[in-house]
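Everything below concerns the one structure shown next.
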Amino acid sequence: MNQSRPKVKKSRALGIALTPKAVKYFEARPYPPGEHGRGRKQSSDYKVRLLEKQRLRAQYDISERQMARAYDRARKVEGKTGEALIVELERRLDALVLRSGLARTIYQARQMVVHGHISVNDRKVDKPSFRVRPGDVVMVRERSRDKHPFQVAREGGYAPDGETPRYLEVNLQALAFRLDRDPNRKEIPVICDEQLVVEYYAR
């Protein structure tokens with residue numbers, strides 16, 4: 001089922017392109033969807049924080065419950081809670097599969113994990129929320145390597161436009177990568193004012 005239209009609408013509503021396909025639509029119509037998309041909208045502090053939280057959730061394609069749990073874990077980390085939250089989400093297996101260039105979108109990355117194509121330290125992991133630790137080696141399982149998406153990935157077809165994040169060591173030919181260390185917030189390619197998200201949950 002092609003869900004490109006809902007994702008484009010969602011992208012325009014949130015003000016960020018969630019898929020490569022959405023980028024061109026978003027550039028052509030940089031305003032929210034619907035009849036009143038171009039109109040002026042009143043914005044409260046609550047609404048601004050809610051939107052920012054929804055934007056972050058959408059970029060990782062996670063549920064509200066998963067987001068709230070990640071926030072609770074981030075609160076217990078020393079330092080800035082907002083930065084800890086982004087790092088917490090970035091260590092999800094599906095997020096790192098996307099960043100490494102093994103998948104084109106977060107939706108495809110999640111599907112690859114759920115369908116059992118990915119292993120961590122030579123053990124199959126089918127939970128997208130699995131938290132990868134520094135030193136963990138992630139790779140496409142042997143039986144899945146001939147599938148078309150992974151052939152595309154091997155040729156660099158899904159590689160990020162910019163450089164691969166420095167916290168990952170990637171070998172696309174081997175369809176594998178390693179998380180070298182915890183990411184720094186500045187290195188994570190997510191569009192978010194995380195302080196607004198913290199304020200949303202702290203209210």
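Labeling convention for the structure tokens: chains A, B, ... as they appear, residues from 1 per chain, ligands from 1 in order of appearance.
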>> DSSP on the backbone: which residues in segment 78-131 of chain A end up as strand (DSSP E)? Give the answer as a VMD selection string.
In response: chain A and resid 118 to 120 123 to 124
Any chance you could export the current selection's all heavy atoms as a PDB file, in the first residue's frame?
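Saved as result.pdb:
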```
ATOM      1  N   ILE A 118      17.572  -7.920  10.264  1.00  0.00           N
ATOM      2  CA  ILE A 118      18.705  -7.253  10.919  1.00  0.00           C
ATOM      3  C   ILE A 118      19.179  -8.041  12.141  1.00  0.00           C
ATOM      4  O   ILE A 118      18.364  -8.564  12.902  1.00  0.00           O
ATOM      5  CB  ILE A 118      18.299  -5.823  11.353  1.00  0.00           C
ATOM      6  CG1 ILE A 118      17.764  -5.016  10.159  1.00  0.00           C
ATOM      7  CG2 ILE A 118      19.467  -5.108  12.014  1.00  0.00           C
ATOM      8  CD1 ILE A 118      18.766  -4.732   9.063  1.00  0.00           C
ATOM      9  N   SER A 119      20.495  -8.094  12.303  1.00  0.00           N
ATOM     10  CA  SER A 119      21.058  -8.723  13.499  1.00  0.00           C
ATOM     11  C   SER A 119      21.936  -7.725  14.241  1.00  0.00           C
ATOM     12  O   SER A 119      22.505  -6.811  13.638  1.00  0.00           O
ATOM     13  CB  SER A 119      21.878  -9.965  13.134  1.00  0.00           C
ATOM     14  OG  SER A 119      23.086  -9.595  12.492  1.00  0.00           O
ATOM     15  N   VAL A 120      22.026  -7.909  15.544  1.00  0.00           N
ATOM     16  CA  VAL A 120      22.924  -7.106  16.388  1.00  0.00           C
ATOM     17  C   VAL A 120      23.847  -8.093  17.096  1.00  0.00           C
ATOM     18  O   VAL A 120      23.372  -8.995  17.791  1.00  0.00           O
ATOM     19  CB  VAL A 120      22.142  -6.275  17.425  1.00  0.00           C
ATOM     20  CG1 VAL A 120      23.109  -5.456  18.276  1.00  0.00           C
ATOM     21  CG2 VAL A 120      21.140  -5.351  16.736  1.00  0.00           C
ATOM     22  N   ARG A 123      22.999 -11.702  16.514  1.00  0.00           N
ATOM     23  CA  ARG A 123      21.715 -12.225  16.996  1.00  0.00           C
ATOM     24  C   ARG A 123      20.581 -11.445  16.347  1.00  0.00           C
ATOM     25  O   ARG A 123      20.608 -10.218  16.330  1.00  0.00           O
ATOM     26  CB  ARG A 123      21.616 -12.099  18.519  1.00  0.00           C
ATOM     27  CG  ARG A 123      22.657 -12.941  19.250  1.00  0.00           C
ATOM     28  CD  ARG A 123      22.548 -12.789  20.748  1.00  0.00           C
ATOM     29  NE  ARG A 123      21.297 -13.329  21.268  1.00  0.00           N
ATOM     30  CZ  ARG A 123      20.987 -13.362  22.555  1.00  0.00           C
ATOM     31  NH1 ARG A 123      21.819 -12.863  23.458  1.00  0.00           N
ATOM     32  NH2 ARG A 123      19.850 -13.860  22.952  1.00  0.00           N
ATOM     33  N   LYS A 124      19.597 -12.169  15.826  1.00  0.00           N
ATOM     34  CA  LYS A 124      18.462 -11.504  15.173  1.00  0.00           C
ATOM     35  C   LYS A 124      17.725 -10.628  16.177  1.00  0.00           C
ATOM     36  O   LYS A 124      17.428 -11.066  17.295  1.00  0.00           O
ATOM     37  CB  LYS A 124      17.498 -12.544  14.592  1.00  0.00           C
ATOM     38  CG  LYS A 124      16.313 -11.906  13.862  1.00  0.00           C
ATOM     39  CD  LYS A 124      15.394 -12.939  13.255  1.00  0.00           C
ATOM     40  CE  LYS A 124      14.318 -13.327  14.240  1.00  0.00           C
ATOM     41  NZ  LYS A 124      13.220 -14.104  13.614  1.00  0.00           N
TER      42      LYS A 124
END
```
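As for atom CA of Leu18 of chain A and atom CA of Phe150 of chain A, they are spaced 21.2 Å apart.
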> DSSP on the backbone: what in segment 103-201 of chain A comes out alpha helix (DSSP H), as a PyMOL selection string?
Replying inline: chain A and resi 106-114+148-154+194-201
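Distances from A:Ala103, A:Cys192, A:Leu50, A:Val114 to Gly156 of chain A were compared using only C-alpha atoms, and the smallest one belongs to A:Ala103.
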> Could you name the residues that touch Asn184 of chain A at 12 Å or less, counting only C-alpha atoms, but leaving out those on the same chain fewer than 5 positions away, as a ChimeraX atom specification?
Replying inline: /A:80,82-88,90-91,165-168,189-190
>> Would you pick out the contacts of Gln66 of chain A at 10 Å or less, using only C-alpha atoms, so that residues sharing its chain but fewer than 6 positions from it are not included, and give the list as number ranges by chain?
In response: A: 57, 72, 89, 129
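Of the residues under consideration (A:Asp146, A:Glu155, A:Asp61, A:Asp161), A:Asp61 shows the shortest atom-to-atom contact distance to Ile106 of chain A when counting only C-alpha atoms.
Restricting the calculation to only C-alpha atoms, the smallest distance between His117 of chain A and any of A:Val197, A:Val132, A:Val48, A:Ala176 is found for A:Ala176.
By chain and then residue number, the residues within 6 Å of segment 110-112 of chain A are Asp94, Tyr107, His115, His117 and Pro128 of chain A, counting only C-alpha atoms and disregarding those fewer than 3 positions away in sequence.
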> Between atom CA of Lys10 of chain A and atom CA of Tyr158 of chain A, what is the distance, to one decimal in Å?
Replying inline: 22.0 Å
>> Rounded to one decimal, what separation in Å do you get between atom CA of Arg203 of chain A and atom CA of Asp45 of chain A?
In response: 11.1 Å
> Taking only C-alpha atoms into account, which of A:Gln151, A:Ser43, A:Thr105, A:Ser144 comes nearest Lys7 of chain A?
Replying inline: A:Thr105
>> Residues within 12 Å of Glu64 of chain A, please, as a ChimeraX atom specification. Count only C-alpha atoms; anything in the same chain fewer than 3 positions from it doesn't count.
In response: /A:50,53-58,60-61,67-71,201
May I have the selected residues written with N, CA, C and O atoms, as an mmCIF file, in the first residue's frame?
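Result saved to part22.cif:
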```cif
data_model
loop_
_atom_site.group_PDB
_atom_site.id
_atom_site.type_symbol
_atom_site.label_atom_id
_atom_site.label_comp_id
_atom_site.auth_asym_id
_atom_site.auth_seq_id
_atom_site.Cartn_x
_atom_site.Cartn_y
_atom_site.Cartn_z
ATOM 1 N N LEU A 50 3.290 21.407 21.795
ATOM 2 C CA LEU A 50 2.679 20.181 21.286
ATOM 3 C C LEU A 50 3.173 19.883 19.868
ATOM 4 O O LEU A 50 3.539 18.745 19.549
ATOM 5 N N LYS A 53 6.680 18.558 19.892
ATOM 6 C CA LYS A 53 6.700 17.160 20.338
ATOM 7 C C LYS A 53 6.242 16.228 19.221
ATOM 8 O O LYS A 53 6.826 15.175 18.980
ATOM 9 N N GLN A 54 5.193 16.648 18.492
ATOM 10 C CA GLN A 54 4.682 15.828 17.385
ATOM 11 C C GLN A 54 5.709 15.730 16.249
ATOM 12 O O GLN A 54 5.834 14.694 15.605
ATOM 13 N N ARG A 55 6.433 16.825 16.024
ATOM 14 C CA ARG A 55 7.477 16.815 14.983
ATOM 15 C C ARG A 55 8.575 15.805 15.325
ATOM 16 O O ARG A 55 9.036 15.063 14.457
ATOM 17 N N LEU A 56 8.972 15.795 16.591
ATOM 18 C CA LEU A 56 10.015 14.853 17.007
ATOM 19 C C LEU A 56 9.513 13.418 16.918
ATOM 20 O O LEU A 56 10.207 12.532 16.400
ATOM 21 N N ARG A 57 8.296 13.197 17.393
ATOM 22 C CA ARG A 57 7.701 11.851 17.308
ATOM 23 C C ARG A 57 7.653 11.357 15.864
ATOM 24 O O ARG A 57 7.962 10.204 15.576
ATOM 25 N N ALA A 58 7.257 12.240 14.962
ATOM 26 C CA ALA A 58 7.099 11.859 13.552
ATOM 27 C C ALA A 58 8.439 11.493 12.912
ATOM 28 O O ALA A 58 8.512 10.583 12.084
ATOM 29 N N TYR A 60 10.908 10.056 14.241
ATOM 30 C CA TYR A 60 11.300 8.708 14.656
ATOM 31 C C TYR A 60 10.166 7.704 14.475
ATOM 32 O O TYR A 60 10.348 6.515 14.743
ATOM 33 N N ASP A 61 8.996 8.179 14.047
ATOM 34 C CA ASP A 61 7.821 7.340 13.804
ATOM 35 C C ASP A 61 7.512 6.456 15.020
ATOM 36 O O ASP A 61 7.441 5.231 14.925
ATOM 37 N N MET A 67 7.397 7.637 23.271
ATOM 38 C CA MET A 67 7.997 8.954 23.466
ATOM 39 C C MET A 67 8.047 9.298 24.959
ATOM 40 O O MET A 67 9.072 9.770 25.459
ATOM 41 N N ALA A 68 6.961 9.045 25.663
ATOM 42 C CA ALA A 68 6.904 9.353 27.091
ATOM 43 C C ALA A 68 7.913 8.517 27.876
ATOM 44 O O ALA A 68 8.557 9.007 28.810
ATOM 45 N N ARG A 69 8.073 7.254 27.479
ATOM 46 C CA ARG A 69 9.058 6.397 28.144
ATOM 47 C C ARG A 69 10.476 6.917 27.917
ATOM 48 O O ARG A 69 11.302 6.910 28.836
ATOM 49 N N ALA A 70 10.747 7.325 26.677
ATOM 50 C CA ALA A 70 12.081 7.859 26.366
ATOM 51 C C ALA A 70 12.339 9.122 27.183
ATOM 52 O O ALA A 70 13.457 9.331 27.686
ATOM 53 N N TYR A 71 11.313 9.952 27.345
ATOM 54 C CA TYR A 71 11.464 11.168 28.153
ATOM 55 C C TYR A 71 11.760 10.813 29.608
ATOM 56 O O TYR A 71 12.625 11.430 30.241
ATOM 57 N N TYR A 201 6.358 18.109 28.341
ATOM 58 C CA TYR A 201 6.197 17.008 29.291
ATOM 59 C C TYR A 201 6.290 17.465 30.748
ATOM 60 O O TYR A 201 5.755 16.807 31.639
#
```
>> Could you check the closest approach to Ala174 of chain A for each of A:Asp126, A:Glu187, A:Glu142, A:Glu194 and tell me which residue wins, using only C-alpha atoms?
In response: A:Glu142
>> Residues near Ile16 of chain A, anyone? I mean within 8 Å using only C-alpha atoms, not counting same-chain ones fewer than 2 positions away, as an MDAnalysis selection string.
In response: chainID A and resid 11:12 14 18 26 55 191
Save out the residues we just selected, N, CA, C and O atoms, as a PDB file, in the first residue's frame.
```
ATOM      1  N   SER A  11       3.765  15.720   6.605  1.00  0.00           N
ATOM      2  CA  SER A  11       4.964  16.565   6.495  1.00  0.00           C
ATOM      3  C   SER A  11       4.582  18.037   6.463  1.00  0.00           C
ATOM      4  O   SER A  11       5.174  18.861   7.156  1.00  0.00           O
ATOM      5  N   ARG A  12       3.576  18.368   5.657  1.00  0.00           N
ATOM      6  CA  ARG A  12       3.172  19.768   5.519  1.00  0.00           C
ATOM      7  C   ARG A  12       2.550  20.275   6.814  1.00  0.00           C
ATOM      8  O   ARG A  12       2.770  21.417   7.220  1.00  0.00           O
ATOM      9  N   LEU A  14       3.281  19.333   9.821  1.00  0.00           N
ATOM     10  CA  LEU A  14       4.309  19.483  10.853  1.00  0.00           C
ATOM     11  C   LEU A  14       5.426  20.449  10.449  1.00  0.00           C
ATOM     12  O   LEU A  14       6.240  20.839  11.275  1.00  0.00           O
ATOM     13  N   LEU A  18       9.184  14.390   5.902  1.00  0.00           N
ATOM     14  CA  LEU A  18       9.429  13.123   6.593  1.00  0.00           C
ATOM     15  C   LEU A  18       9.981  12.033   5.683  1.00  0.00           C
ATOM     16  O   LEU A  18      10.488  11.028   6.164  1.00  0.00           O
ATOM     17  N   PHE A  26       6.678  19.286  -0.486  1.00  0.00           N
ATOM     18  CA  PHE A  26       6.795  20.285   0.579  1.00  0.00           C
ATOM     19  C   PHE A  26       7.325  21.598   0.032  1.00  0.00           C
ATOM     20  O   PHE A  26       6.890  22.680   0.436  1.00  0.00           O
ATOM     21  N   ARG A  55       6.433  16.825  16.024  1.00  0.00           N
ATOM     22  CA  ARG A  55       7.477  16.815  14.983  1.00  0.00           C
ATOM     23  C   ARG A  55       8.575  15.805  15.325  1.00  0.00           C
ATOM     24  O   ARG A  55       9.036  15.063  14.457  1.00  0.00           O
ATOM     25  N   ILE A 191      15.395  17.703  13.171  1.00  0.00           N
ATOM     26  CA  ILE A 191      14.943  19.096  13.278  1.00  0.00           C
ATOM     27  C   ILE A 191      14.039  19.201  14.497  1.00  0.00           C
ATOM     28  O   ILE A 191      12.913  18.680  14.488  1.00  0.00           O
TER      29      ILE A 191
END
```
